[in-house]
Amino acid sequence: TAELLSQYAAGRRDFTSIELSAVDLRSANLKGADLSYAELSGADLSGANLRGVDLSYANLNEVDLSGANLRGAILIGTDLRHTKLETAD
């Protein structure tokens, strides 16, 4: 998790097919990142800034997205089963 945030801060945006199951990314800023095909099942992304993030075909099964900013996010083919979306924007 720390490495992902460090790489993001350094300017990397392509995280296609990354494995992030059950990670804690509460309140993380990942604006504009490419997380297509990512494995995020069970992750905590509550309060995260996911504005404009590409989540195409990502596995978000049982992910906590409550309070997350999803404006402009791409969700084509994304698995949202059992995902918490309360107060997500």
# chains A, B, ... in the order shown; residues from 1 in each chain; ligands from 1
call {"tool": "residues_around", "arguments": {"residues": "Thr1 (chain A)", "least_positions_apart": "2", "cutoff": "12 Å", "atoms": "only C-alpha atoms", "output": "PyMOL selection string"}}
result
chain A and resi 3-8+18-26+28+30+40+43-45
call {"tool": "closest_atom_pairs", "arguments": {"of": "region 8-34 of chain A", "to": "region 69-72 of chain A", "cutoff": "10 Å", "atoms": "only C-alpha atoms", "output": "Markdown table"}}
result
| residue | atom | partner | partner_atom | distance |
| --- | --- | --- | --- | --- |
| A:Ser27 | CA | A:Asn69 | CA | 9.7 |
| A:Asn29 | CA | A:Asn69 | CA | 9.6 |
| A:Lys31 | CA | A:Asn69 | CA | 9.0 |
| A:Gly32 | CA | A:Gly72 | CA | 9.2 |
call {"tool": "write_last_selection", "arguments": {"atoms": "N, CA and C atoms", "output": "PDB file, in the first residue's frame"}}
result
ATOM      1  N   SER A  27      -9.203   7.140   2.532  1.00  0.00           N
ATOM      2  CA  SER A  27      -8.883   8.548   2.264  1.00  0.00           C
ATOM      3  C   SER A  27      -7.693   8.740   1.316  1.00  0.00           C
ATOM      4  N   ASN A  29      -5.640   9.432  -2.092  1.00  0.00           N
ATOM      5  CA  ASN A  29      -5.861  10.232  -3.297  1.00  0.00           C
ATOM      6  C   ASN A  29      -5.276   9.477  -4.483  1.00  0.00           C
ATOM      7  N   LYS A  31      -6.666  10.051  -7.687  1.00  0.00           N
ATOM      8  CA  LYS A  31      -7.331  10.761  -8.787  1.00  0.00           C
ATOM      9  C   LYS A  31      -6.630  10.501 -10.114  1.00  0.00           C
ATOM     10  N   GLY A  32      -7.412  10.052 -11.117  1.00  0.00           N
ATOM     11  CA  GLY A  32      -6.906   9.857 -12.462  1.00  0.00           C
ATOM     12  C   GLY A  32      -6.080   8.598 -12.689  1.00  0.00           C
TER      13      GLY A  32
END
call {"tool": "residues_around", "arguments": {"residues": "Ile76 (chain A)", "least_positions_apart": "3", "cutoff": "9 Å", "atoms": "only C-alpha atoms", "output": "MDAnalysis selection string"}}
result
chainID A and resid 54:58
call {"tool": "write_last_selection", "arguments": {"atoms": "N, CA and C atoms", "output": "PDB file, in the first residue's frame"}}
result
ATOM      1  N   ASP A  54      -9.945   4.919 -13.745  1.00  0.00           N
ATOM      2  CA  ASP A  54     -10.422   3.854 -14.625  1.00  0.00           C
ATOM      3  C   ASP A  54     -10.443   2.554 -13.831  1.00  0.00           C
ATOM      4  N   LEU A  55     -11.651   2.086 -13.521  1.00  0.00           N
ATOM      5  CA  LEU A  55     -11.839   0.831 -12.789  1.00  0.00           C
ATOM      6  C   LEU A  55     -12.470  -0.232 -13.689  1.00  0.00           C
ATOM      7  N   SER A  56     -12.303  -0.090 -14.995  1.00  0.00           N
ATOM      8  CA  SER A  56     -12.882  -1.039 -15.943  1.00  0.00           C
ATOM      9  C   SER A  56     -12.428  -2.458 -15.630  1.00  0.00           C
ATOM     10  N   TYR A  57     -13.402  -3.342 -15.518  1.00  0.00           N
ATOM     11  CA  TYR A  57     -13.172  -4.773 -15.298  1.00  0.00           C
ATOM     12  C   TYR A  57     -12.410  -5.089 -14.012  1.00  0.00           C
ATOM     13  N   ALA A  58     -12.362  -4.147 -13.091  1.00  0.00           N
ATOM     14  CA  ALA A  58     -11.718  -4.390 -11.804  1.00  0.00           C
ATOM     15  C   ALA A  58     -12.657  -5.191 -10.904  1.00  0.00           C
TER      16      ALA A  58
END
call {"tool": "closest_residue", "arguments": {"among": "A:Leu60, A:Leu65, A:Arg13, A:Ser41", "to": "Gly77 (chain A)", "atoms": "only C-alpha atoms"}}
result
A:Leu60
call {"tool": "select_by_dssp", "arguments": {"residues": "chain A", "states": "helix (DSSP H, G or I)", "output": "PyMOL selection string"}}
result
chain A and resi 2-9
call {"tool": "residues_around", "arguments": {"residues": "Lys84 (chain A)", "least_positions_apart": "4", "cutoff": "7 Å", "atoms": "only C-alpha atoms", "output": "MDAnalysis selection string"}}
result
chainID A and resid 63:66
call {"tool": "atom_distance", "arguments": {"atom1": "CA of Leu85 (chain A)", "atom2": "CA of Ser36 (chain A)"}}
result
18.9 Å
call {"tool": "closest_residue", "arguments": {"among": "A:Ala68, A:Ala38, A:Ala73, A:Ala2", "to": "Glu86 (chain A)", "atoms": "only C-alpha atoms"}}
result
A:Ala68
call {"tool": "residues_around", "arguments": {"residues": "Glu62 (chain A)", "least_positions_apart": "3", "cutoff": "7 Å", "atoms": "only C-alpha atoms", "output": "ChimeraX atom specification"}}
result
/A:41-42,81-83
call {"tool": "write_last_selection", "arguments": {"atoms": "C-alpha atoms", "output": "compact mmCIF listing (two decimals), in the first residue's frame"}}
result
# COMPACT_ATOMS: atom_id res chain seq x y z
CA SER A 41 -11.71 -7.40 -3.39
CA GLY A 42 -12.16 -6.66 0.31
CA ARG A 81 -21.14 -7.20 -5.82
CA HIS A 82 -21.49 -6.55 -2.09
CA THR A 83 -19.70 -3.21 -2.45
call {"tool": "closest_residue", "arguments": {"among": "A:Gly67, A:Gly11, A:Gly52, A:Gly47", "to": "Ala88 (chain A)", "atoms": "only C-alpha atoms"}}
result
A:Gly67
call {"tool": "decode", "arguments": {"residues": "region 22-34 of chain A", "atoms": "all heavy atoms", "output": "compact mmCIF listing (two decimals), in the first residue's frame"}}
result
# COMPACT_ATOMS: atom_id res chain seq x y z
N ALA A 22 -7.88 -6.66 -0.04
CA ALA A 22 -7.96 -6.40 1.40
C ALA A 22 -6.98 -5.33 1.91
O ALA A 22 -6.60 -5.34 3.07
CB ALA A 22 -7.77 -7.70 2.18
N VAL A 23 -6.58 -4.40 1.06
CA VAL A 23 -5.68 -3.33 1.51
C VAL A 23 -6.46 -2.17 2.12
O VAL A 23 -7.64 -1.99 1.86
CB VAL A 23 -4.78 -2.79 0.36
CG1 VAL A 23 -3.87 -3.86 -0.17
CG2 VAL A 23 -5.61 -2.18 -0.73
N ASP A 24 -5.79 -1.39 2.93
CA ASP A 24 -6.38 -0.23 3.56
C ASP A 24 -5.93 1.02 2.82
O ASP A 24 -4.77 1.43 2.94
CB ASP A 24 -5.96 -0.15 5.03
CG ASP A 24 -6.60 1.02 5.77
OD1 ASP A 24 -7.29 1.85 5.13
OD2 ASP A 24 -6.42 1.11 6.99
N LEU A 25 -6.83 1.57 2.01
CA LEU A 25 -6.55 2.80 1.27
C LEU A 25 -7.56 3.88 1.64
O LEU A 25 -7.94 4.70 0.82
CB LEU A 25 -6.57 2.52 -0.24
CG LEU A 25 -5.41 1.70 -0.78
CD1 LEU A 25 -5.68 1.24 -2.21
CD2 LEU A 25 -4.12 2.50 -0.73
N ARG A 26 -7.97 3.89 2.90
CA ARG A 26 -8.92 4.90 3.37
C ARG A 26 -8.36 6.30 3.11
O ARG A 26 -7.19 6.57 3.41
CB ARG A 26 -9.19 4.75 4.87
CG ARG A 26 -10.12 3.62 5.21
CD ARG A 26 -10.27 3.49 6.69
NE ARG A 26 -9.01 2.92 7.20
CZ ARG A 26 -8.81 2.62 8.46
NH1 ARG A 26 -9.73 2.85 9.37
NH2 ARG A 26 -7.66 2.09 8.84
N SER A 27 -9.20 7.14 2.53
CA SER A 27 -8.88 8.55 2.26
C SER A 27 -7.69 8.74 1.32
O SER A 27 -7.12 9.83 1.25
CB SER A 27 -8.64 9.31 3.57
OG SER A 27 -9.79 9.23 4.39
N ALA A 28 -7.31 7.72 0.57
CA ALA A 28 -6.19 7.83 -0.37
C ALA A 28 -6.59 8.71 -1.56
O ALA A 28 -7.75 8.73 -1.97
CB ALA A 28 -5.78 6.45 -0.87
N ASN A 29 -5.64 9.43 -2.09
CA ASN A 29 -5.86 10.23 -3.30
C ASN A 29 -5.28 9.48 -4.48
O ASN A 29 -4.06 9.39 -4.63
CB ASN A 29 -5.21 11.60 -3.18
CG ASN A 29 -5.41 12.43 -4.44
OD1 ASN A 29 -6.30 12.15 -5.24
ND2 ASN A 29 -4.59 13.44 -4.62
N LEU A 30 -6.15 8.90 -5.32
CA LEU A 30 -5.72 8.18 -6.51
C LEU A 30 -6.35 8.78 -7.76
O LEU A 30 -6.54 8.10 -8.77
CB LEU A 30 -6.08 6.70 -6.38
CG LEU A 30 -5.36 5.95 -5.25
CD1 LEU A 30 -5.95 4.57 -5.07
CD2 LEU A 30 -3.87 5.88 -5.52
N LYS A 31 -6.67 10.05 -7.69
CA LYS A 31 -7.33 10.76 -8.79
C LYS A 31 -6.63 10.50 -10.11
O LYS A 31 -5.41 10.67 -10.23
CB LYS A 31 -7.34 12.26 -8.48
CG LYS A 31 -7.99 13.11 -9.54
CD LYS A 31 -7.94 14.58 -9.15
CE LYS A 31 -8.51 15.44 -10.23
NZ LYS A 31 -8.40 16.87 -9.88
N GLY A 32 -7.41 10.05 -11.12
CA GLY A 32 -6.91 9.86 -12.46
C GLY A 32 -6.08 8.60 -12.69
O GLY A 32 -5.54 8.40 -13.77
N ALA A 33 -5.99 7.73 -11.69
CA ALA A 33 -5.19 6.50 -11.84
C ALA A 33 -5.91 5.49 -12.74
O ALA A 33 -7.13 5.50 -12.87
CB ALA A 33 -4.92 5.87 -10.48
N ASP A 34 -5.13 4.62 -13.36
CA ASP A 34 -5.68 3.52 -14.15
C ASP A 34 -5.58 2.25 -13.31
O ASP A 34 -4.50 1.70 -13.13
CB ASP A 34 -4.89 3.36 -15.45
CG ASP A 34 -5.46 2.26 -16.35
OD1 ASP A 34 -6.36 1.52 -15.91
OD2 ASP A 34 -5.00 2.15 -17.49
